[in-house]
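S.K.: Supplied in structure tokens, the structure appears directly below.
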Amino acid sequence: MDFIVDYDPREEERAQQASIFDGLNPAQLEAVQTTEGPLLVLAGAGTGKTRVLTTRLAALIHQGKAFPGQILAVTFTNKAAQEMKVRVSETLGGAPVEGWWLGTFHALAARMLRHHAELVGLSSNFTILDSDDQVRLVKQLMETHNIDPKKYPPKMLAGEISSWKDKAKRPEDLGADEVGDLANGKMLPLYRDYQNRMKALNTCDFGDLLLHIITILKDPKHADILVDYHRRFKYILVDEYQDTNVAQYLWLRLLAKGSNNICCVGDDDQSIYGWRGAEVDNILRFEKDFDDAKIIKLEENYRSTMHILSAANGVISKNNNRLGKELYTNIGEGEKVNLRGLWDGGAEARWVGEEVEALQNKGFKLNQMAVLVRTGFQMREFEERFIQLGLPYRVIGGPRFYERMEVRDALAYLRVVAQSNDDLALERIINTPKRGLGNATIQILYTHARSKGISLYQSILDLTQTDELRPKVKSTLMKLVDDFERWKSLAESDLHHGELAAQILDESGYNDMWKMDKSPEAPGRLENLKEFVSAMDEFESLQQFLEHIALVLENQSNKDGDFITLMTLHGAKGLEFDVAFLPGWEDGLFPSQRSMDENGVKGLEEERRLAYVGITRARQKAYISYVANRRMYGSWVNGLPSRFVDELPEDHINVQTEMGIYSPDQNNHGSNSGRSNHWDSSGFGGKTRQSTPKRGTSMAGFVSGERVFHEKFGGGTVTHAEGQKLDIEFDNAGQKRVMDSFVVKA
DNA sequence: TGGATTCGCGTTTTT
DNA sequence: CGCGAATCCA
């Protein structure tokens with residue numbers, strides 16, 4: 001059986017010699033050693049949860065309780081899977097971990113599904129669509145259903161379908177009340193068609209990987225399959241449990257019902273992927289579904305100083321929907337969290353730059369500093385400033401390698417070679433590079449394909465036998481299928497697929513297209529294509545490579561050198577830095593207005609968890625800042641300090657201010673200030689704001705050479721930098737009211 | 001068909 | 001403002 005990997009019996013010997021449990025605290029030890037039955041480990045930030053998981057895994061093997069192949073270790077991201085592999089391997093003295101059931105939900109589900117694909121109408125070489133393909137498919141289907149893409153953006157409808165899949169709902173599982181009247185009530189037929197089309201194309205989207213395998217495992221007709229997996233997996237380990245969606249939960253539950261030995265590790269306070277289907281409720285359900293479940297909390301933090309932890313605790317304690325943990329540390333008091341209000345985004349970037357340089361002089365390494373922003377556009381100002389200062393920085397995020405246009409194009413060629421029924425891939429590259437095959441031609445091909453119920457590729461083969469197409473078009477298409485047929489036979493020969501890819505890119509003219517291109521990105525794209533080809537060499541088959549690139553491939557970020565890191569708060573999860581800068585704490589930006597508008601209290605609480613994640617990234621120093629003026633989408637927007645600023649516990653904060661900027665008064669600026677109930681008013685951002693400023697906004701600007709700071713917001717007391725106090729009442733009708741303005745010397 | 005121009009809109013991000 | 005998509009026009 002391919003999934004069983006023997007372990008080296010000398011491991012036990014090694015275990016005798018060096019205890020892998022050294023240095024674990026009692027709670028961690030208990031979590032590691034409670035190997036029988038369901039266990040939920042609630043582990044706060046920086047409490048060593050990954051260590052618990054890896055130690056546990058290693059211990060199971062060390063102690064001979066399970067072979068690697070009998071352990072299902074599931075993580076949420078590839079990064080986490082990678083880290084786990086490395087650490088387990090280290091603990092086991094360098095044992096290889098290839099072939100273990102250790103990986104992400106999607107990768108493991110895909111692996112299972114390959115064995116049983118025919119049971120859901122697929123063949124085992126199905127390809128995996130990315131979200132871009134999904135949207136294009138939805139868009140195509142919308143046409144046949146007469147759904148207006150202007151009224152209903154394809155992206156939105158694709159999102160709706162994905163969210164059903166996140167909940168493990170197939171079209172036939174959806175009740176009338178669950179469908180809603182989106183797209184004039186045509187969502188269900190659209191979803192049904194979408195699924196049928198996917199089967200015809202022999203593809204899965206990400207949601208399908210889990211959906212299909214759940215369908216199979218649940219089916220009483222295939223009870224033997226589930227029984228088989230139950231026999232295989234003696235232990236199940238799950239990381240980042242708070243990020244699981246319903247489908248992932250169901251999958252886990254189905255598999256865990258065999259041995260009942262399931263250990264989940266997570267932190268409800270760090271659930272920041274709710275917008276993508278994660279359900280914190282899965283943590284609560286755990287106790288219900290596994291009635292003898294044991295719960296262990298890890299609350300001792302080994303990362304941050306007490307002031308930082310207390311600041312984080314203070315903020316997160318404002319969330320009502322949480323299980324409740326209070327982190328503590330023995331590291332020491334440390335420094336208070338620095339809080340600073342500034343004039344605008346430029347000033348904020350300059351200030352951060354100054355602090356960074358000062359810290360460098362004190363011996364802090366750039367590698368141990370990070371600027372963590374809520375949204376990507378905030379990065380620009382920091383980049384500009386860092387460039388001016390000559391500070392080396394590294395931006396994490398942005399488009400991933402395999403999301404780049406040229407990589408996806410190259411991939412599309414290979415997908416057609418691997419599976420010529422992949423219409424979406426073929427459509428992508430049929431006229432890339434330009435071959436003179438425009439919309440009109442593609443429509444003809446599609447019409448033919450649809451009427452015959454065949455694939456695009458097939459319909460090219462058909463139509464090139466007739467005279468329905470213009471001679472020029474016909475010969476171009478014949479050349480194209482000739483090429484593909486040749487590449488397909490090469491793929492089956494023993495030509496290495498790396499070489500095959502290189503050949504395809506050359507012969508198709510794709511490489512030339514970029515060589516001719518004068519744009520500044522072109523050289524980089526060629527570089528990426530080279531990398532793409534060399535990445536292929538590491539895989540045994542084209543099939544394996546395609547799966548890897550769809551599910552696994554990471555951005556390679558060079559860790560060498562001393563760089564300050566610039567990334568979003570989401571990207572920072574699981575990382576830690578000596579120094580964390582948290583700029584942009586303005587209401588509407590953070591917490592994000594949209595999150596609050598769309599998801600109300602739930603959205604706000606998720607934003608608050610994001611704040612918690614942000615603060616707890618810092619080991620020694622945290623800097624929080626907000627500005628009065630920020631440039632967004634080309635125009636100036638004025639903001640108030642985030643409500644999270646108000647929530648920072650005073651005792652752990654070192655408040656700094658700058659001219660013309662107020663700092664909130666802790667006593668009078670609280671929850672009944674009128675702000676907290678009004679996230680649904682369009683108080684911030686967007687076009688509405690400019691024409692009708694509402695309560696909750698302030699205005700600031702330059703008037704005749706002097707800085708004038710107008711207050712136009714309601715609620716509470718505001719202290720200005722100069723010590724003036726300004727009492728402001730808010731208008732219950734939500735009307736904007738200029739309460740006062742004053743002049744600050746420039 | 002495809003280059004040029006206007007339009008419209010704008011989190012976070014994993015697989 | 002800046003980018004991608006839709007639309008226009010040769």
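We label chains A, B, ... in the order they appear in the structure tokens, count residues from 1 in each chain, and number ligands from 1 in the order shown.
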Select residues of chain A: the criterion is any atom within 9 Å of an atom of chain C, counting only C-alpha atoms (C1' of nucleotides); output as a PyMOL selection string.
M.R.: chain A and resi 632-635
S.K.: Put those residues in a file: C-alpha atoms, as a CSV table (one decimal), in the first residue's frame.
M.R.:
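See result-v4.csv below for the written result:
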```csv
chain,number,residue,atom,x,y,z
A,632,MET,CA,-7.3,56.5,-0.9
A,633,TYR,CA,-8.2,56.0,-4.6
A,634,GLY,CA,-6.7,59.3,-5.5
A,635,SER,CA,-8.6,61.5,-3.1
```
S.K.: Enumerate as a PyMOL selection string the residues belonging to chain A that approach chain B to within 9 Å, with only C-alpha atoms (C1' of nucleotides) taken into account.
M.R.: chain A and resi 76-77+104-107+130+206-207+272-273+275-276+374-376+436-440+550-552+568-571+589+592+594-595+633+686
S.K.: What is the atom CA of Gln620 of chain A-atom CA of Leu24 of chain A distance in Å, reported with one decimal?
M.R.: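 Between atom CA of Gln620 of chain A and atom CA of Leu24 of chain A the gap is 22.5 Å.
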S.K.: Which of segment 223-383 of chain A end up as strand (DSSP E or B) when DSSP is run on this backbone - answer as a PyMOL selection string?
M.R.: chain A and resi 235-238+245+262-266+278+294-298+300-301+328-329+337-344+369-373
S.K.: At a cut-off of 12 Å, using only C-alpha atoms (C1' of nucleotides), what residues contact His145 of chain A? Leave out same-chain residues fewer than 6 positions from it and give the result as a list in words.
M.R.: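 Final neighbour list, sorted by chain and number: Val138, Lys139, Ala183, Asn184, Gly185, Lys186, Met187, Leu188, Pro189, Leu190, Tyr191, Arg192, Asp193 and Tyr194 of chain A.
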S.K.: What's the 7 Å shell around His307 of chain A, counting only C-alpha atoms (C1' of nucleotides), without same-chain residues fewer than 4 positions away, as a list in words?
M.R.: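 Within the cut-off, the hits are Ala311, Glu333, Gly334, Glu335, Lys336, Val337 and His652 of chain A.
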S.K.: Can you pull out every residue within 8 Å of segment 32-48 of chain A, counting only C-alpha atoms (C1' of nucleotides), but drop anything in the same chain fewer than 3 positions away, and send it as a PyMOL selection string?
M.R.: chain A and resi 28-29+51-53+55-56+59-60+259-270+286+290+292-304+325+327+613+616
S.K.: So how many Å separate atom CA of Glu355 of chain A and atom CA of Glu384 of chain A, to one decimal?
M.R.: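 Separation between atom CA of Glu355 of chain A and atom CA of Glu384 of chain A: 15.9 Å.
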S.K.: Need to verify the contact set: Glu383 of chain A, 10 Å, only C-alpha atoms (C1' of nucleotides), exclusion of same-chain residues closer than 6 positions in sequence. Can you return it as a list in words?
M.R.: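 Listing them by chain and then by number gives Ala349, Leu389, Leu391, Pro392, Tyr393, Arg394, Val395 and Leu566 of chain A.
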S.K.: Write a file of the selected residues as a short mmCIF file (atom, residue, chain, number, x, y, z; two decimals), in the first residue's frame, keeping C-alpha atoms.
M.R.:
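New file out.cif:
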```
data_model
loop_
_atom_site.label_atom_id
_atom_site.label_comp_id
_atom_site.auth_asym_id
_atom_site.auth_seq_id
_atom_site.Cartn_x
_atom_site.Cartn_y
_atom_site.Cartn_z
CA ALA A 349 5.73 56.30 7.00
CA LEU A 389 15.99 55.92 3.42
CA LEU A 391 16.18 50.57 4.12
CA PRO A 392 16.10 47.10 2.60
CA TYR A 393 12.58 45.75 2.76
CA ARG A 394 10.74 42.70 1.61
CA VAL A 395 7.11 42.62 0.61
CA LEU A 566 6.07 44.46 4.83
#
```
